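K.L.:
Please see the structure below; I have some questions.
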Protein chains: 2
Amino acid sequence: MSEQIPYKIYLSENEMPTAWYNLRADMKNKPAPLLNPGTGKPMTFDDLRPVFCDELVRQELDNDTPYIEIPAEIRDFYRMYRPSPLVRAYCLEKKLGTPAKIYYKFEGNNTSGSHKLNSAIAQAYYAKQQGLQGVTTETGAGQWGTALSMACAYLGLDCKVYMVKCSYEQKPFRREVMRTYGASVTPSPSNTTNVGRKILEKDPNTTGSLGCAISEAVEVATTTPGYRYVLGSVLNQVLLHQSVIGLEAKAALDKYGVKPDIIIGCAGGGSNLGGLIAPFMGQKLRGEEDYRIIAVEPASCPSFTRGRFAYDFCDTGMVCPLAKMYTLGSGFIPSANHAGGLRYHGMSSTLSQLYHDGLMEARAVEQTSVFEAAEYFARVEGILPAPESSHAIRAAIDEALKCKETGEEKTILFGLTGTGYFDLYAYESYNNGTMTDTIPTDEQLQKSFATLPNIG
Amino acid sequence: MSEQIPYKIYLSENEMPTAWYNLRADMKNKPAPLLNPGTGKPMTFDDLRPVFCDELVRQELDNDTPYIEIPAEIRDFYRMYRPSPLVRAYCLEKKLGTPAKIYYKFEGNNTSGSHKLNSAIAQAYYAKQQGLQGVTTETGAGQWGTALSMACAYLGLDCKVYMVKCSYEQKPFRREVMRTYGASVTPSPSNTTNVGRKILEKDPNTTGSLGCAISEAVEVATTTPGYRYVLGSVLNQVLLHQSVIGLEAKAALDKYGVKPDIIIGCAGGGSNLGGLIAPFMGQKLRGEEDYRIIAVEPASCPSFTRGRFAYDFCDTGMVCPLAKMYTLGSGFIPSANHAGGLRYHGMSSTLSQLYHDGLMEARAVEQTSVFEAAEYFARVEGILPAPESSHAIRAAIDEALKCKETGEEKTILFGLTGTGYFDLYAYESYNNGTMTDTIPTDEQLQKSFATLPNIG
């Protein structure tokens with residue numbers, strides 16, 4: 001291809017995907033099914049209906065259909081902020097002095113500040129289609145809650161958000177964005193639910209976790225008529241919706257004849273990583289192409305790199321089905337690091353299976369080193385990245401620096417999932433030199449592994 | 001044109017403007033020259049050199065050259081966040097039920113959160129070319145300061161920002177963004193300058209104003225070797241750089257054969273409005289096309305609609321040259337409304353002349369009505385707008401509703417200058433119903449008009 005690759009590759013709206021890609025259809029080893037915690041048997045359509053709306057249960061359980069059409073109304077909504085740009089990081093390459101070619105798929109150009117909107121609108125749409133009154137959810141960093149508030153405002157659905165307490169306190173402005181979009185926001189754990197009261201009784205000073213907030217949101221959804229629960233990560237359906245990221249990225253790269261050697265994404269519950277890698281992993285699974293795929297997680301919450309591959313509860317309150325995944329144990333409460341969106345004890349079952357089968361790598365990085373990369377990136381590429389996204393930046397820079405040593409001209413693609421405008425306390429702590437790293441000890445992990453159920 | 005107009009029209013990078021358009025070249029009545037406050041005579045190149053770097057003085061004084069080439073390094077920087085999208089507000093149109101067609105040029109998709117980066121990189125570039133060590137500036141809402149910090153970080157220049165005290169307090173996170181980009185930030189008025197100390201002595205509780213902050217930044221620039229002052233609005237050079245907004249918007253509309261009937265922009269110092277309308281006003285001045293052009297300003301700081309067209313100081317400390325403009329008097333301190341970027345007593349000389357000559361209209365709107373429009377827009381179009389930008393949204397919605405009454409299918413173009421992620425205290429106050437409107441009384445204006453100099 002002789003044409004100069006632009007700084008930003010935008011697809012035209014008629015080049016946008018019209019179907020999501022379901023990675024599971026190409027997996028030989030399917031992700032293990034969700035189990036009913038009472039019976040130990042796989043969750044059925046009927047088991048899941050009280051929690052999720054019907055169409056989403058179908059998507060959750062569908063391991064076979066490779067492409068699922070994106071409804072027209074969702075595609076209209078996507079057109080308000082998609083296609084997202086695929087950026088060639090010319091300035092970063094130059095500053096690093098690396099022969100590597102670096103691309104990032106930037107998902108932060110929407111008010112939710114991240115990729116979360118891709119699944120939020122899908123989940124809200126199906127809830128609306130089913131005639132529901134509203135949805136409940138949890139949010140960590142606040143990006144998912146904001147995304148869901150936006151989608152619900154657009155469709156006229158009620159939205160109740162349980163926000164991890166430490167994020168609620170670190171990010172008061174997130175609350176106001178959600179309120180501006182008409183959502184109600186409750187810090188979790190709260191005394192508005194049985195499970196919240198129970199958790200608070202044990203530890204009144206807890207800063208909360210995604211696991212706690214999920215339990216509260218599920219309890220409210222399953223006990224309030226006309227409501228269902230929606231989740232921003234981990235689930236198969238979420239990875240399905242997020243495949244739009246990877247499909248767009250691949251279409252944009254294909255347009256210029258570019259094939260990445262290394263694909264990097266941050267991993268909390270796996271929504272961004274699973275979406276970004278989907279079509280590439282599909283090729284890998286079908287034996288058509290090979291890629292190095294790297295998941296990057298915080299050293300303070302290292303599910304892939306130090307967790308166990310086992311059935312576990314998705315939530316702290318143990319009200320949800322059991323999922324087989326890399327997990328630190330549902331009793332694990334990560335230290336209050338600044339990447340709230342990555343503070344989850346478990347990991348997507350699909351990604352866990354792929355990792356277990358040796359189809360991808362994982363590494364853990366410490367937050368001071370993450371913020372060093374974030375600030376470097378901000379000054380060179382002009383975008384203030386979210387702490388979560390900056391995990392991927394750290395790894396991309398490290399890989400590019402390796403290329404500088406070896407002289408290899410590798411092509412690196414990473415997911416820049418969002419912006420850090422609501423993470424300024426974190427940047428302040430980094431700027432002031434007061435940020436520290438907290439890594440769980442082996443003893444702490446042993447203790448939380450003890451919370452794993454004896455199933456599966 | 002039969003092709004469906006997309007939700008977002010992106011130009012390709014090779015369709016981006018390669019020269020800025022200098023509106024003054026087409027004006028029969030040129031904007032009045034800056035005057036030396038000591039002699040009352042027009043400021044010369046040599047008079048302005050101690051304040052601005054040489055190339056920018058040339059641009060400031062050039063009323064004749066219609067197109068000025070954009071240096072390659074600036075165009076490279078532009079490619080990191082430009083071209084910005086021109087959005088067809090299909091969802092807003094549908095929700096309003098208007099036959100009007102609404103487009104907005106969205107400048108918020110960069111970390112400074114606004115259009116300010118367009119001029120920041122230009123001014124920083126020329127300072128760097130001249131071998132300077134750094135620049136000083138003021139910032140109101142924080143968007144200009146952030147933009148300048150980003151540009152300076154990119155080029156390796158020192159950056160000292162004086163931030164209007166009420167914004168500094170309302171927007172603590174802005175400070176951290178600027179620090180992340182390596183700038184120093186001082187709340188203004190401060191006791192680091194003579195003029196700041198003088199202002200504080202008179203009124204120790206002042207919340208500050210752009211006028212005060214300008215005085216402080218100019219004092220530091222002119223008394224520190226290797227430094228010059230840069231300004232984010234008002235000046236001719238800034239309107240020149242911002243013409244990139246209008247040039248892109250016009251190119252995108254032309255591509256689809258669309259001609260706007262009404263063009264709307266918010267007006268503080270005039271940087272966005274002047275840039276957005278530049279090529280359209282050029283056609284109007286040359287008698288090629290006609291457009292209705294509307295400036296929207298806050299009722300709390302109504303320079304166009306209640307000000308006088310007279311020579312005045314650009315700053316409160318009266319250290320700057322005099323400019324002929326619509327002004328409320330440099331002694332006017334606007335109430336602490338939430339659109340910090342519009343709290344300026346004066347207005348671009350170029351726009352003032354055009355308004356005086358009847359080539360554009362102006363209207364003032366109250367902030368509660370502005371936030372009503374902002375929230376409505378956010379829920380429908382998915383973008384959380386800056387309070388400043390929301391002045392234009394208010395007017396665009398009002399015009400679209402008029403079309404609904406009359407059945408006219410007018411095409412409306414407005415400038416969505418930026419995002420409101422750092423304005424959440426303002427949204428909180430609107431959400432809580434505690435936001436109020438403050439409009440200066442005639443007596444207050446008479447008092448501030450008394451500060452006008454007897455010149456010109």
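Residues are referred to by chain and number: the chain letter is A, B, ... according to the order shown in the structure tokens, the number counts from 1 in that chain, and ligands are numbered separately from 1 in the order shown.
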Within 8 Å of chain B, which residues belong to chain A? Use only C-alpha atoms and report them as number ranges by chain.

P.N.:
A: 6-8, 10, 13, 79-80, 109-111, 150, 153-154, 173, 176-177, 179-181, 375, 378-384, 421-422, 424-425, 427-428, 431

K.L.:
With N, CA and C atoms kept, could you save the residues just selected as an mmCIF file, in the first residue's frame?

P.N.:
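The new file part-v7.cif reads:
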```cif
data_model
loop_
_atom_site.group_PDB
_atom_site.id
_atom_site.type_symbol
_atom_site.label_atom_id
_atom_site.label_comp_id
_atom_site.auth_asym_id
_atom_site.auth_seq_id
_atom_site.Cartn_x
_atom_site.Cartn_y
_atom_site.Cartn_z
ATOM 1 N N PRO A 6 -2.873 7.583 7.519
ATOM 2 C CA PRO A 6 -3.188 8.811 8.253
ATOM 3 C C PRO A 6 -2.955 8.655 9.756
ATOM 4 N N TYR A 7 -2.913 9.777 10.447
ATOM 5 C CA TYR A 7 -2.802 9.744 11.905
ATOM 6 C C TYR A 7 -3.999 9.008 12.498
ATOM 7 N N LYS A 8 -5.164 9.275 11.923
ATOM 8 C CA LYS A 8 -6.373 8.635 12.443
ATOM 9 C C LYS A 8 -7.111 7.996 11.283
ATOM 10 N N TYR A 10 -10.465 6.698 10.173
ATOM 11 C CA TYR A 10 -11.892 6.624 10.453
ATOM 12 C C TYR A 10 -12.545 5.805 9.360
ATOM 13 N N GLU A 13 -19.413 5.590 7.806
ATOM 14 C CA GLU A 13 -20.500 4.941 8.542
ATOM 15 C C GLU A 13 -21.010 3.684 7.849
ATOM 16 N N ARG A 79 -23.833 5.310 15.660
ATOM 17 C CA ARG A 79 -23.382 6.347 14.722
ATOM 18 C C ARG A 79 -23.190 7.703 15.389
ATOM 19 N N MET A 80 -23.760 7.888 16.575
ATOM 20 C CA MET A 80 -23.541 9.160 17.271
ATOM 21 C C MET A 80 -22.099 9.285 17.778
ATOM 22 N N ASN A 109 -13.796 8.810 22.986
ATOM 23 C CA ASN A 109 -14.468 9.985 22.417
ATOM 24 C C ASN A 109 -15.986 9.951 22.546
ATOM 25 N N ASN A 110 -16.459 9.702 23.738
ATOM 26 C CA ASN A 110 -17.897 9.830 24.002
ATOM 27 C C ASN A 110 -18.029 10.181 25.475
ATOM 28 N N THR A 111 -19.182 10.680 25.870
ATOM 29 C CA THR A 111 -19.305 11.239 27.217
ATOM 30 C C THR A 111 -19.107 10.206 28.319
ATOM 31 N N MET A 150 -26.473 7.075 30.089
ATOM 32 C CA MET A 150 -26.662 7.708 28.783
ATOM 33 C C MET A 150 -27.621 6.895 27.914
ATOM 34 N N ALA A 153 -31.149 7.166 29.291
ATOM 35 C CA ALA A 153 -31.735 8.486 29.011
ATOM 36 C C ALA A 153 -32.228 8.520 27.569
ATOM 37 N N TYR A 154 -31.431 7.954 26.674
ATOM 38 C CA TYR A 154 -31.764 7.962 25.250
ATOM 39 C C TYR A 154 -33.050 7.182 24.989
ATOM 40 N N PHE A 173 -17.657 13.752 40.721
ATOM 41 C CA PHE A 173 -18.224 14.345 39.513
ATOM 42 C C PHE A 173 -18.918 13.298 38.640
ATOM 43 N N GLU A 176 -22.476 13.223 39.317
ATOM 44 C CA GLU A 176 -23.266 14.293 38.696
ATOM 45 C C GLU A 176 -23.496 14.044 37.208
ATOM 46 N N VAL A 177 -22.540 13.425 36.536
ATOM 47 C CA VAL A 177 -22.794 13.090 35.134
ATOM 48 C C VAL A 177 -23.971 12.121 35.071
ATOM 49 N N ARG A 179 -26.348 11.652 37.214
ATOM 50 C CA ARG A 179 -27.586 12.354 37.575
ATOM 51 C C ARG A 179 -28.061 13.234 36.418
ATOM 52 N N THR A 180 -27.119 13.859 35.735
ATOM 53 C CA THR A 180 -27.497 14.698 34.596
ATOM 54 C C THR A 180 -28.222 13.859 33.546
ATOM 55 N N TYR A 181 -27.831 12.600 33.449
ATOM 56 C CA TYR A 181 -28.509 11.694 32.529
ATOM 57 C C TYR A 181 -29.704 11.000 33.197
ATOM 58 N N GLU A 375 1.380 9.582 31.838
ATOM 59 C CA GLU A 375 1.807 10.974 31.696
ATOM 60 C C GLU A 375 2.663 11.157 30.447
ATOM 61 N N ALA A 378 0.312 11.114 27.527
ATOM 62 C CA ALA A 378 -0.495 12.339 27.468
ATOM 63 C C ALA A 378 0.299 13.479 26.837
ATOM 64 N N ARG A 379 1.548 13.613 27.256
ATOM 65 C CA ARG A 379 2.346 14.743 26.768
ATOM 66 C C ARG A 379 2.704 14.588 25.295
ATOM 67 N N VAL A 380 2.847 13.344 24.855
ATOM 68 C CA VAL A 380 3.279 13.115 23.470
ATOM 69 C C VAL A 380 2.097 12.985 22.518
ATOM 70 N N GLU A 381 1.072 12.263 22.929
ATOM 71 C CA GLU A 381 -0.052 11.993 22.027
ATOM 72 C C GLU A 381 -1.258 12.889 22.284
ATOM 73 N N GLY A 382 -1.183 13.697 23.364
ATOM 74 C CA GLY A 382 -2.218 14.700 23.574
ATOM 75 C C GLY A 382 -3.508 14.206 24.208
ATOM 76 N N ILE A 383 -3.605 12.922 24.503
ATOM 77 C CA ILE A 383 -4.827 12.391 25.131
ATOM 78 C C ILE A 383 -4.515 12.018 26.577
ATOM 79 N N LEU A 384 -5.335 12.486 27.517
ATOM 80 C CA LEU A 384 -5.170 12.103 28.917
ATOM 81 C C LEU A 384 -5.865 10.765 29.121
ATOM 82 N N TYR A 421 -10.399 12.018 32.536
ATOM 83 C CA TYR A 421 -10.858 13.316 33.054
ATOM 84 C C TYR A 421 -11.446 13.217 34.454
ATOM 85 N N PHE A 422 -11.902 12.028 34.826
ATOM 86 C CA PHE A 422 -12.495 11.865 36.154
ATOM 87 C C PHE A 422 -11.524 11.157 37.105
ATOM 88 N N LEU A 424 -8.564 12.653 38.189
ATOM 89 C CA LEU A 424 -7.549 13.650 38.478
ATOM 90 C C LEU A 424 -6.990 13.569 39.887
ATOM 91 N N TYR A 425 -7.751 12.964 40.823
ATOM 92 C CA TYR A 425 -7.153 12.721 42.136
ATOM 93 C C TYR A 425 -5.985 11.761 41.987
ATOM 94 N N TYR A 427 -4.125 11.338 39.254
ATOM 95 C CA TYR A 427 -3.017 12.072 38.640
ATOM 96 C C TYR A 427 -2.368 13.011 39.659
ATOM 97 N N GLU A 428 -3.214 13.644 40.515
ATOM 98 C CA GLU A 428 -2.664 14.535 41.537
ATOM 99 C C GLU A 428 -1.717 13.766 42.445
ATOM 100 N N ASN A 431 1.362 13.184 40.504
ATOM 101 C CA ASN A 431 2.106 14.446 40.352
ATOM 102 C C ASN A 431 2.807 14.849 41.647
#
```

K.L.:
Going by DSSP on the backbone, which residues of range 227-370 of chain B come out as alpha helix (DSSP H)? List them as a PyMOL selection string.

P.N.:
chain B and resi 236-255+271-285+303-306+349-356+367-370

K.L.:
Give me the residues within 10 Å of Glu289 in chain A as a PyMOL selection string, counting only C-alpha atoms and dropping any in the same chain fewer than 5 places off.

P.N.:
chain A and resi 259+280-284

K.L.:
Taking N, CA and C atoms for each residue, export the selection above as a PDB file, in the first residue's frame.

P.N.:
```pdb
ATOM      1  N   LYS A 259      -1.055  -5.597   9.301  1.00  0.00           N
ATOM      2  CA  LYS A 259      -1.360  -6.725  10.185  1.00  0.00           C
ATOM      3  C   LYS A 259      -0.582  -6.550  11.484  1.00  0.00           C
ATOM      4  N   PHE A 280      -9.452 -11.017  15.710  1.00  0.00           N
ATOM      5  CA  PHE A 280      -8.065 -11.489  15.557  1.00  0.00           C
ATOM      6  C   PHE A 280      -7.942 -12.885  16.169  1.00  0.00           C
ATOM      7  N   MET A 281      -8.496 -13.034  17.372  1.00  0.00           N
ATOM      8  CA  MET A 281      -8.481 -14.341  18.020  1.00  0.00           C
ATOM      9  C   MET A 281      -9.247 -15.358  17.191  1.00  0.00           C
ATOM     10  N   GLY A 282     -10.326 -14.892  16.559  1.00  0.00           N
ATOM     11  CA  GLY A 282     -11.093 -15.772  15.666  1.00  0.00           C
ATOM     12  C   GLY A 282     -10.202 -16.354  14.580  1.00  0.00           C
ATOM     13  N   GLN A 283      -9.403 -15.494  13.949  1.00  0.00           N
ATOM     14  CA  GLN A 283      -8.478 -15.972  12.914  1.00  0.00           C
ATOM     15  C   GLN A 283      -7.481 -16.959  13.493  1.00  0.00           C
ATOM     16  N   LYS A 284      -7.017 -16.639  14.690  1.00  0.00           N
ATOM     17  CA  LYS A 284      -6.032 -17.495  15.353  1.00  0.00           C
ATOM     18  C   LYS A 284      -6.656 -18.867  15.643  1.00  0.00           C
TER      19      LYS A 284
END
```

K.L.:
Ranking A:Thr406, A:Gln59, A:Gln367, A:Ser243 by minimum distance to Ala19 in chain A and counting only C-alpha atoms, which one comes first?

P.N.:
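Distance minimum relative to Ala19 in chain A lands on A:Ser243.
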
K.L.:
For CA of Tyr168 in chain B and CA of Phe371 in chain B, quote the distance in Å rounded to one decimal.

P.N.:
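A separation of 20.9 Å between them.
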
K.L.:
Take CA of Ile333 in chain B and CA of Asp47 in chain B and report the distance between them in Å, one decimal.

P.N.:
28.3 Å

K.L.:
Figure out the distance between CA of Gly208 in chain B and CA of Arg49 in chain B, please, to one decimal in Å.

P.N.:
27.4 Å

K.L.:
Find the spatial neighbours of Leu322 in chain B, counting only C-alpha atoms, within a cut-off of 8 Å - ignore same-chain residues fewer than 5 positions away - and output them as a count of residues only.

P.N.:
8

K.L.:
Could you give me, as a list in words, the residues within 7 Å of Pro298 in chain B, counting only C-alpha atoms and dropping anything in the same chain fewer than 4 positions from it?

P.N.:
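Final neighbour list, sorted by chain and number: Pro302, Ala364, Val365, Glu366 and Gln367 of chain B.
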
K.L.:
Now that the selection is made, can you save its residues with N, CA, C and O atoms as a CSV table (one decimal), in the first residue's frame?

P.N.:
```csv
chain,number,residue,atom,x,y,z
B,302,PRO,N,-23.0,40.8,29.2
B,302,PRO,CA,-23.5,41.0,27.9
B,302,PRO,C,-22.8,42.1,27.1
B,302,PRO,O,-23.3,43.2,26.8
B,364,ALA,N,-28.5,37.6,24.3
B,364,ALA,CA,-28.0,37.2,25.6
B,364,ALA,C,-28.9,36.2,26.2
B,364,ALA,O,-30.2,36.4,26.1
B,365,VAL,N,-28.4,35.2,26.9
B,365,VAL,CA,-29.3,34.2,27.5
B,365,VAL,C,-28.8,33.9,28.9
B,365,VAL,O,-27.7,34.1,29.3
B,366,GLU,N,-29.8,33.5,29.8
B,366,GLU,CA,-29.6,33.3,31.2
B,366,GLU,C,-29.1,31.9,31.4
B,366,GLU,O,-29.5,31.0,30.7
B,367,GLN,N,-28.3,31.7,32.5
B,367,GLN,CA,-27.6,30.4,32.6
B,367,GLN,C,-28.6,29.2,32.9
B,367,GLN,O,-28.3,28.1,32.5
```

K.L.:
Write out as a VMD selection string the set of residues from range 105-297 of chain B that DSSP, computed on the backbone, places in strand (DSSP E).

P.N.:
chain B and resid 105 to 106 134 to 139 158 to 164 184 to 188 227 to 229 262 to 266 292 to 297

K.L.:
For Asn205 in chain A, find every residue with an atom within 12 Å (counting only C-alpha atoms), except residues of its own chain fewer than 6 positions away, and show them as an mmCIF file with all heavy atoms, in the first residue's frame.

P.N.:
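Writing done, so here's out_13.cif:
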```
data_model
loop_
_atom_site.group_PDB
_atom_site.id
_atom_site.type_symbol
_atom_site.label_atom_id
_atom_site.label_comp_id
_atom_site.auth_asym_id
_atom_site.auth_seq_id
_atom_site.Cartn_x
_atom_site.Cartn_y
_atom_site.Cartn_z
ATOM 1 N N LYS A 165 -17.826 2.204 46.606
ATOM 2 C CA LYS A 165 -17.690 3.363 47.485
ATOM 3 C C LYS A 165 -16.397 4.151 47.255
ATOM 4 O O LYS A 165 -16.410 5.379 47.233
ATOM 5 C CB LYS A 165 -17.800 2.929 48.950
ATOM 6 C CG LYS A 165 -18.082 4.113 49.883
ATOM 7 C CD LYS A 165 -18.029 3.727 51.349
ATOM 8 C CE LYS A 165 -19.359 3.159 51.813
ATOM 9 N NZ LYS A 165 -19.298 2.662 53.199
ATOM 10 N N CYS A 166 -15.285 3.458 47.055
ATOM 11 C CA CYS A 166 -14.040 4.219 46.915
ATOM 12 C C CYS A 166 -14.033 5.050 45.630
ATOM 13 O O CYS A 166 -13.490 6.146 45.603
ATOM 14 C CB CYS A 166 -12.797 3.336 47.047
ATOM 15 S SG CYS A 166 -12.400 2.400 45.585
ATOM 16 N N SER A 188 -21.768 1.899 47.239
ATOM 17 C CA SER A 188 -21.878 0.491 47.667
ATOM 18 C C SER A 188 -20.626 0.057 48.415
ATOM 19 O O SER A 188 -19.524 0.398 48.019
ATOM 20 C CB SER A 188 -22.070 -0.395 46.432
ATOM 21 O OG SER A 188 -21.867 -1.751 46.764
ATOM 22 N N PRO A 189 -20.747 -0.725 49.484
ATOM 23 C CA PRO A 189 -21.989 -1.288 50.023
ATOM 24 C C PRO A 189 -22.866 -0.227 50.690
ATOM 25 O O PRO A 189 -22.362 0.720 51.292
ATOM 26 C CB PRO A 189 -21.492 -2.308 51.048
ATOM 27 C CG PRO A 189 -20.070 -1.985 51.325
ATOM 28 C CD PRO A 189 -19.550 -1.224 50.173
ATOM 29 N N SER A 190 -24.166 -0.430 50.577
ATOM 30 C CA SER A 190 -25.135 0.498 51.147
ATOM 31 C C SER A 190 -26.061 -0.261 52.069
ATOM 32 O O SER A 190 -26.075 -1.500 52.078
ATOM 33 C CB SER A 190 -25.971 1.118 50.033
ATOM 34 O OG SER A 190 -26.915 0.165 49.554
ATOM 35 N N ILE A 199 -22.639 -7.018 54.432
ATOM 36 C CA ILE A 199 -21.223 -6.700 54.190
ATOM 37 C C ILE A 199 -20.762 -5.573 55.122
ATOM 38 O O ILE A 199 -19.675 -5.621 55.693
ATOM 39 C CB ILE A 199 -20.995 -6.334 52.692
ATOM 40 C CG1 ILE A 199 -21.216 -7.570 51.803
ATOM 41 C CG2 ILE A 199 -19.582 -5.775 52.470
ATOM 42 C CD1 ILE A 199 -21.327 -7.280 50.316
#
```
